[in-house]
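Coordinates as given in input_36.cif (mmCIF, C-alpha atoms):
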```cif
data_coords
#
loop_
_atom_site.group_PDB
_atom_site.id
_atom_site.type_symbol
_atom_site.label_atom_id
_atom_site.label_comp_id
_atom_site.auth_asym_id
_atom_site.auth_seq_id
_atom_site.Cartn_x
_atom_site.Cartn_y
_atom_site.Cartn_z
ATOM 1 C CA MET A 1 105.291 114.368 99.045
ATOM 2 C CA LEU A 2 101.853 114.799 100.604
ATOM 3 C CA VAL A 3 103.125 117.667 102.758
ATOM 4 C CA LEU A 4 104.464 119.476 99.691
ATOM 5 C CA VAL A 5 101.139 119.070 97.889
ATOM 6 C CA MET A 6 99.239 120.293 100.959
ATOM 7 C CA HIS A 7 101.602 123.252 101.345
ATOM 8 C CA TYR A 8 101.360 124.145 97.657
ATOM 9 C CA SER A 9 97.582 123.909 97.640
ATOM 10 C CA ARG A 10 97.291 126.157 100.709
ATOM 11 C CA ILE A 11 100.084 128.690 100.118
ATOM 12 C CA VAL A 12 101.457 128.813 96.585
ATOM 13 C CA SER A 13 98.311 128.344 94.538
ATOM 14 C CA GLY A 14 95.928 131.282 94.495
ATOM 15 C CA VAL A 15 92.891 129.062 95.012
ATOM 16 C CA ARG A 16 91.532 129.013 98.554
ATOM 17 C CA TYR A 17 89.324 126.230 99.839
ATOM 18 C CA PHE A 18 87.853 125.084 103.121
ATOM 19 C CA THR A 19 90.104 122.523 104.758
ATOM 20 C CA SER A 20 87.071 120.834 106.258
ATOM 21 C CA THR A 21 85.827 120.120 102.725
ATOM 22 C CA ALA A 22 89.138 118.468 101.817
ATOM 23 C CA VAL A 23 89.016 116.320 104.957
ATOM 24 C CA LEU A 24 85.361 115.367 104.363
ATOM 25 C CA LEU A 25 86.046 114.349 100.756
ATOM 26 C CA SER A 26 89.044 112.319 101.906
ATOM 27 C CA GLU A 27 86.920 110.456 104.448
ATOM 28 C CA LEU A 28 84.115 109.866 101.940
ATOM 29 C CA THR A 29 86.636 108.452 99.481
ATOM 30 C CA LYS A 30 87.828 106.016 102.148
ATOM 31 C CA LEU A 31 84.227 104.989 102.864
ATOM 32 C CA PHE A 32 83.457 104.330 99.201
ATOM 33 C CA VAL A 33 86.657 102.320 98.733
ATOM 34 C CA CYS A 34 85.801 100.306 101.844
ATOM 35 C CA LEU A 35 82.252 99.639 100.606
ATOM 36 C CA TYR A 36 83.548 98.661 97.170
ATOM 37 C CA LEU A 37 86.135 96.208 98.521
ATOM 38 C CA THR A 38 83.700 94.686 101.003
ATOM 39 C CA SER A 39 81.031 94.313 98.298
ATOM 40 C CA ARG A 40 83.529 92.696 95.980
ATOM 41 C CA GLU A 41 84.593 90.245 98.682
ATOM 42 C CA SER A 42 80.941 89.448 99.432
ATOM 43 C CA MET A 43 80.251 88.771 95.756
ATOM 44 C CA HIS A 44 83.317 86.548 95.506
ATOM 45 C CA GLU A 45 82.209 84.471 98.511
ATOM 46 C CA ASN A 46 78.548 84.235 97.354
ATOM 47 C CA GLY A 47 79.171 83.163 93.768
ATOM 48 C CA GLY A 48 78.658 86.595 92.190
ATOM 49 C CA ARG A 49 75.636 87.605 94.280
ATOM 50 C CA LEU A 50 75.859 90.717 96.437
ATOM 51 C CA ASP A 51 74.657 90.283 100.013
ATOM 52 C CA MET A 52 73.977 93.830 101.249
ATOM 53 C CA ARG A 53 73.205 92.655 104.791
ATOM 54 C CA ARG A 54 76.646 91.126 105.054
ATOM 55 C CA VAL A 55 78.278 94.244 103.614
ATOM 56 C CA TYR A 56 76.395 96.395 106.131
ATOM 57 C CA ALA A 57 77.324 94.046 108.995
ATOM 58 C CA ASP A 58 80.988 93.986 107.947
ATOM 59 C CA VAL A 59 81.321 97.752 107.539
ATOM 60 C CA LEU A 60 78.977 99.155 110.200
ATOM 61 C CA GLY A 61 78.156 96.231 112.474
ATOM 62 C CA GLY A 62 79.846 94.580 115.413
ATOM 63 C CA ASP A 63 82.587 96.636 117.015
ATOM 64 C CA SER A 64 82.549 99.340 114.345
ATOM 65 C CA TRP A 65 80.979 101.876 116.697
ATOM 66 C CA LYS A 66 84.179 101.768 118.769
ATOM 67 C CA MET A 67 85.983 103.355 115.819
ATOM 68 C CA LEU A 68 84.054 106.620 116.247
ATOM 69 C CA ILE A 69 86.561 107.905 118.797
ATOM 70 C CA PRO A 70 89.711 107.452 116.675
ATOM 71 C CA ALA A 71 87.806 108.591 113.584
ATOM 72 C CA GLY A 72 86.863 111.827 115.322
ATOM 73 C CA LEU A 73 90.414 112.319 116.593
ATOM 74 C CA TYR A 74 91.878 111.697 113.140
ATOM 75 C CA THR A 75 89.397 114.137 111.583
ATOM 76 C CA ILE A 76 90.428 116.881 113.999
ATOM 77 C CA GLN A 77 94.079 115.962 113.413
ATOM 78 C CA ASN A 78 93.684 116.226 109.627
ATOM 79 C CA ASN A 79 92.110 119.677 109.955
ATOM 80 C CA LEU A 80 94.945 120.779 112.244
ATOM 81 C CA GLN A 81 97.480 119.512 109.709
ATOM 82 C CA TYR A 82 96.021 121.816 107.068
ATOM 83 C CA VAL A 83 96.137 124.743 109.478
ATOM 84 C CA ALA A 84 99.738 123.961 110.464
ATOM 85 C CA VAL A 85 100.973 123.474 106.895
ATOM 86 C CA SER A 86 99.387 126.821 106.026
ATOM 87 C CA LEU A 87 101.209 128.613 108.843
ATOM 88 C CA LEU A 88 104.600 126.880 108.647
ATOM 89 C CA ASP A 89 107.003 126.111 105.855
ATOM 90 C CA ALA A 90 106.851 122.514 104.626
ATOM 91 C CA ALA A 91 110.220 121.489 106.128
ATOM 92 C CA THR A 92 109.377 122.792 109.609
ATOM 93 C CA PHE A 93 105.980 121.109 109.502
ATOM 94 C CA GLN A 94 107.451 117.779 108.374
ATOM 95 C CA VAL A 95 110.204 117.719 110.987
ATOM 96 C CA THR A 96 107.938 118.841 113.831
ATOM 97 C CA TYR A 97 105.253 116.356 112.838
ATOM 98 C CA GLN A 98 107.728 113.566 113.573
ATOM 99 C CA LEU A 99 106.968 114.206 117.241
ATOM 100 C CA LYS A 100 103.959 111.956 116.684
ATOM 101 C CA ILE A 101 106.390 109.080 117.240
ATOM 102 C CA LEU A 102 107.099 110.392 120.733
ATOM 103 C CA THR A 103 103.447 111.095 121.538
ATOM 104 C CA THR A 104 102.438 107.648 120.308
ATOM 105 C CA ALA A 105 105.066 106.037 122.540
ATOM 106 C CA LEU A 106 103.933 108.080 125.545
ATOM 107 C CA CYS A 107 100.265 107.220 124.936
ATOM 108 C CA SER A 108 101.210 103.566 124.543
ATOM 109 C CA VAL A 109 103.008 103.588 127.892
ATOM 110 C CA LEU A 110 100.169 105.438 129.636
ATOM 111 C CA LEU A 111 97.142 103.707 128.084
ATOM 112 C CA LEU A 112 98.392 100.218 127.218
ATOM 113 C CA GLY A 113 100.973 99.788 129.953
ATOM 114 C CA THR A 114 103.714 99.143 127.396
ATOM 115 C CA THR A 115 107.231 99.073 128.806
ATOM 116 C CA LEU A 116 110.022 100.624 126.781
ATOM 117 C CA GLY A 117 113.658 99.728 127.273
ATOM 118 C CA ALA A 118 116.453 102.207 127.867
ATOM 119 C CA MET A 119 117.525 102.134 124.201
ATOM 120 C CA ARG A 120 114.021 103.059 123.010
ATOM 121 C CA TRP A 121 113.721 105.889 125.527
ATOM 122 C CA ALA A 122 117.151 107.170 124.487
ATOM 123 C CA SER A 123 116.054 107.052 120.848
ATOM 124 C CA LEU A 124 112.911 109.026 121.659
ATOM 125 C CA VAL A 125 114.928 111.626 123.575
ATOM 126 C CA ALA A 126 117.375 111.913 120.652
ATOM 127 C CA LEU A 127 114.448 112.385 118.270
ATOM 128 C CA THR A 128 112.977 115.118 120.452
ATOM 129 C CA LEU A 129 116.337 116.895 120.777
ATOM 130 C CA GLY A 130 116.807 116.719 117.017
ATOM 131 C CA ILE A 131 113.444 118.335 116.444
ATOM 132 C CA ILE A 132 114.260 121.076 118.954
ATOM 133 C CA LEU A 133 117.610 121.711 117.262
ATOM 134 C CA VAL A 134 115.964 121.977 113.847
ATOM 135 C CA GLN A 135 113.514 124.540 115.253
ATOM 136 C CA LEU A 136 116.185 126.767 116.854
ATOM 137 C CA PRO A 137 118.006 128.103 113.773
ATOM 138 C CA SER A 138 114.776 128.860 111.970
ATOM 139 C CA ALA A 139 113.470 131.108 114.767
ATOM 140 C CA ALA A 140 114.695 134.192 112.893
ATOM 141 C CA VAL A 141 112.934 133.174 109.656
ATOM 142 C CA PRO A 142 109.816 135.260 109.035
ATOM 143 C CA PRO A 143 106.525 133.345 109.135
ATOM 144 C CA ALA A 144 104.836 131.964 106.047
ATOM 145 C CA ASN A 145 103.325 134.436 103.626
ATOM 146 C CA VAL A 146 99.827 133.810 104.923
ATOM 147 C CA SER A 147 98.246 135.620 107.825
ATOM 148 C CA ALA A 148 96.800 133.710 110.727
ATOM 149 C CA ALA A 149 93.430 135.365 110.128
ATOM 150 C CA ALA A 150 93.241 133.993 106.583
ATOM 151 C CA VAL A 151 93.743 130.435 107.808
ATOM 152 C CA VAL A 152 91.926 130.165 111.092
ATOM 153 C CA GLY A 153 89.122 132.657 110.547
ATOM 154 C CA SER A 154 87.908 135.498 112.702
ATOM 155 C CA GLY A 155 89.220 133.830 115.871
ATOM 156 C CA GLY A 156 92.674 133.796 114.284
ATOM 157 C CA ALA A 157 92.505 137.550 113.666
ATOM 158 C CA ALA A 158 91.864 138.221 117.352
ATOM 159 C CA ALA A 159 94.726 135.896 118.289
ATOM 160 C CA ALA A 160 97.091 137.562 115.806
ATOM 161 C CA GLU A 161 96.179 140.998 117.180
ATOM 162 C CA GLY A 162 96.749 139.663 120.686
ATOM 163 C CA GLY A 163 100.433 139.090 119.934
ATOM 164 C CA LEU A 164 100.494 135.406 118.943
ATOM 165 C CA SER A 165 102.752 134.907 115.957
ATOM 166 C CA THR A 166 101.741 132.901 112.945
ATOM 167 C CA ARG A 167 104.661 130.528 113.489
ATOM 168 C CA PHE A 168 103.651 129.886 117.106
ATOM 169 C CA MET A 169 100.079 129.109 116.045
ATOM 170 C CA GLY A 170 101.423 126.721 113.408
ATOM 171 C CA LEU A 171 103.613 124.943 115.957
ATOM 172 C CA VAL A 172 100.713 124.654 118.411
ATOM 173 C CA SER A 173 98.562 123.204 115.617
ATOM 174 C CA VAL A 174 101.153 120.629 114.612
ATOM 175 C CA LEU A 175 101.889 119.654 118.230
ATOM 176 C CA THR A 176 98.176 119.180 118.925
ATOM 177 C CA ALA A 177 97.905 117.088 115.750
ATOM 178 C CA CYS A 178 100.808 114.947 117.025
ATOM 179 C CA VAL A 179 99.103 114.319 120.358
ATOM 180 C CA LEU A 180 95.799 113.448 118.664
ATOM 181 C CA SER A 181 97.590 111.117 116.253
ATOM 182 C CA GLY A 182 99.276 109.265 119.092
ATOM 183 C CA LEU A 183 96.091 109.042 121.130
ATOM 184 C CA ALA A 184 94.009 107.806 118.196
ATOM 185 C CA GLY A 185 96.612 105.237 117.160
ATOM 186 C CA VAL A 186 96.950 103.792 120.645
ATOM 187 C CA TYR A 187 93.170 103.725 121.172
ATOM 188 C CA PHE A 188 92.806 101.910 117.831
ATOM 189 C CA GLU A 189 95.404 99.346 118.944
ATOM 190 C CA LYS A 190 93.567 98.883 122.241
ATOM 191 C CA VAL A 191 90.287 98.255 120.398
ATOM 192 C CA LEU A 192 91.955 95.752 118.054
ATOM 193 C CA LYS A 193 93.513 93.846 120.947
ATOM 194 C CA GLY A 194 90.158 93.681 122.742
ATOM 195 C CA SER A 195 88.109 92.814 119.650
ATOM 196 C CA ARG A 196 86.588 89.393 119.084
ATOM 197 C CA LYS A 197 87.201 89.417 115.315
ATOM 198 C CA SER A 198 90.535 89.197 113.562
#
```
Could you write out this structure as structure tokens?
Amino acid sequence: MLVLVMHYSRIVSGVRYFTSTAVLLSELTKLFVCLYLTSRESMHENGGRLDMRRVYADVLGGDSWKMLIPAGLYTIQNNLQYVAVSLLDAATFQVTYQLKILTTALCSVLLLGTTLGAMRWASLVALTLGIILVQLPSAAVPPANVSAAAVVGSGGAAAAEGGLSTRFMGLVSVLTACVLSGLAGVYFEKVLKGSRKS
């Protein structure tokens, strides 16, 4: 559903907006919800009195600084998702974005030393082959009705003139978003496993 809304807002509707603004507002909304819930919990534990020091310590103290790396990766990933959904049709984006399962598994094996059994590896290979098969028949479909220059900016215009197709740029964007998603998720898991708090 979210992919359809993103695709509609970028392609079908005539209103153009900066994707970075959408990502920033999304992150600010998360921050305000986090502050609200933490404040409410603090008031509940202190008999209705708000302890701002505790709220600050819970939200920004302790190991919170370790979350800057996955937060930055997720921010870049979210921007790349908007670029990809603008350059690809919604179905292609959604199917290709499922590669984040594979990239997360690979990052987990490489960074956490996780061992995967033969059945899991076979499942990941089947997933990858399915995504490749879905991409093959749609190779003859013309790219989305948006030019690369309109989405990426002046750098996109030079790339489009250099022979890169809009579809290829969309696939590169979604594949990069998949890798960043896997890396951020595994790093977050590593931080949680090494954290002192529950």
Step by step, work through what the PyMOL selection byres ((chain A and resi 183) around 9) selects in the shown file, and finish by giving those residues as an mmCIF file with C-alpha atoms, in the frame of the given file.
```cif
data_model
loop_
_atom_site.group_PDB
_atom_site.id
_atom_site.type_symbol
_atom_site.label_atom_id
_atom_site.label_comp_id
_atom_site.auth_asym_id
_atom_site.auth_seq_id
_atom_site.Cartn_x
_atom_site.Cartn_y
_atom_site.Cartn_z
ATOM 1 C CA PRO A 70 89.711 107.452 116.675
ATOM 2 C CA LEU A 73 90.414 112.319 116.593
ATOM 3 C CA THR A 103 103.447 111.095 121.538
ATOM 4 C CA THR A 104 102.438 107.648 120.308
ATOM 5 C CA CYS A 107 100.265 107.220 124.936
ATOM 6 C CA SER A 108 101.210 103.566 124.543
ATOM 7 C CA LEU A 111 97.142 103.707 128.084
ATOM 8 C CA CYS A 178 100.808 114.947 117.025
ATOM 9 C CA VAL A 179 99.103 114.319 120.358
ATOM 10 C CA LEU A 180 95.799 113.448 118.664
ATOM 11 C CA SER A 181 97.590 111.117 116.253
ATOM 12 C CA GLY A 182 99.276 109.265 119.092
ATOM 13 C CA ALA A 184 94.009 107.806 118.196
ATOM 14 C CA GLY A 185 96.612 105.237 117.160
ATOM 15 C CA VAL A 186 96.950 103.792 120.645
ATOM 16 C CA TYR A 187 93.170 103.725 121.172
ATOM 17 C CA PHE A 188 92.806 101.910 117.831
#
```
I'd like the contact shell of stretch 75-90 of chain A - 6 Å cut-off, all atoms listed in the file, skipping same-chain residues fewer than 3 positions apart - returned as a PyMOL selection string. chain A and resi 7+10+72+93+144+166+170+173-174+177
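The two atoms in question, atom CA of A:Leu127 and atom CA of A:Gln98, are spaced 8.3 Å apart.
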Which residues come within 9 Å of A:Ala91, counting all atoms listed in the file, excluding same-chain residues fewer than 5 positions away, as a ChimeraX atom specification? /A:3-4,96
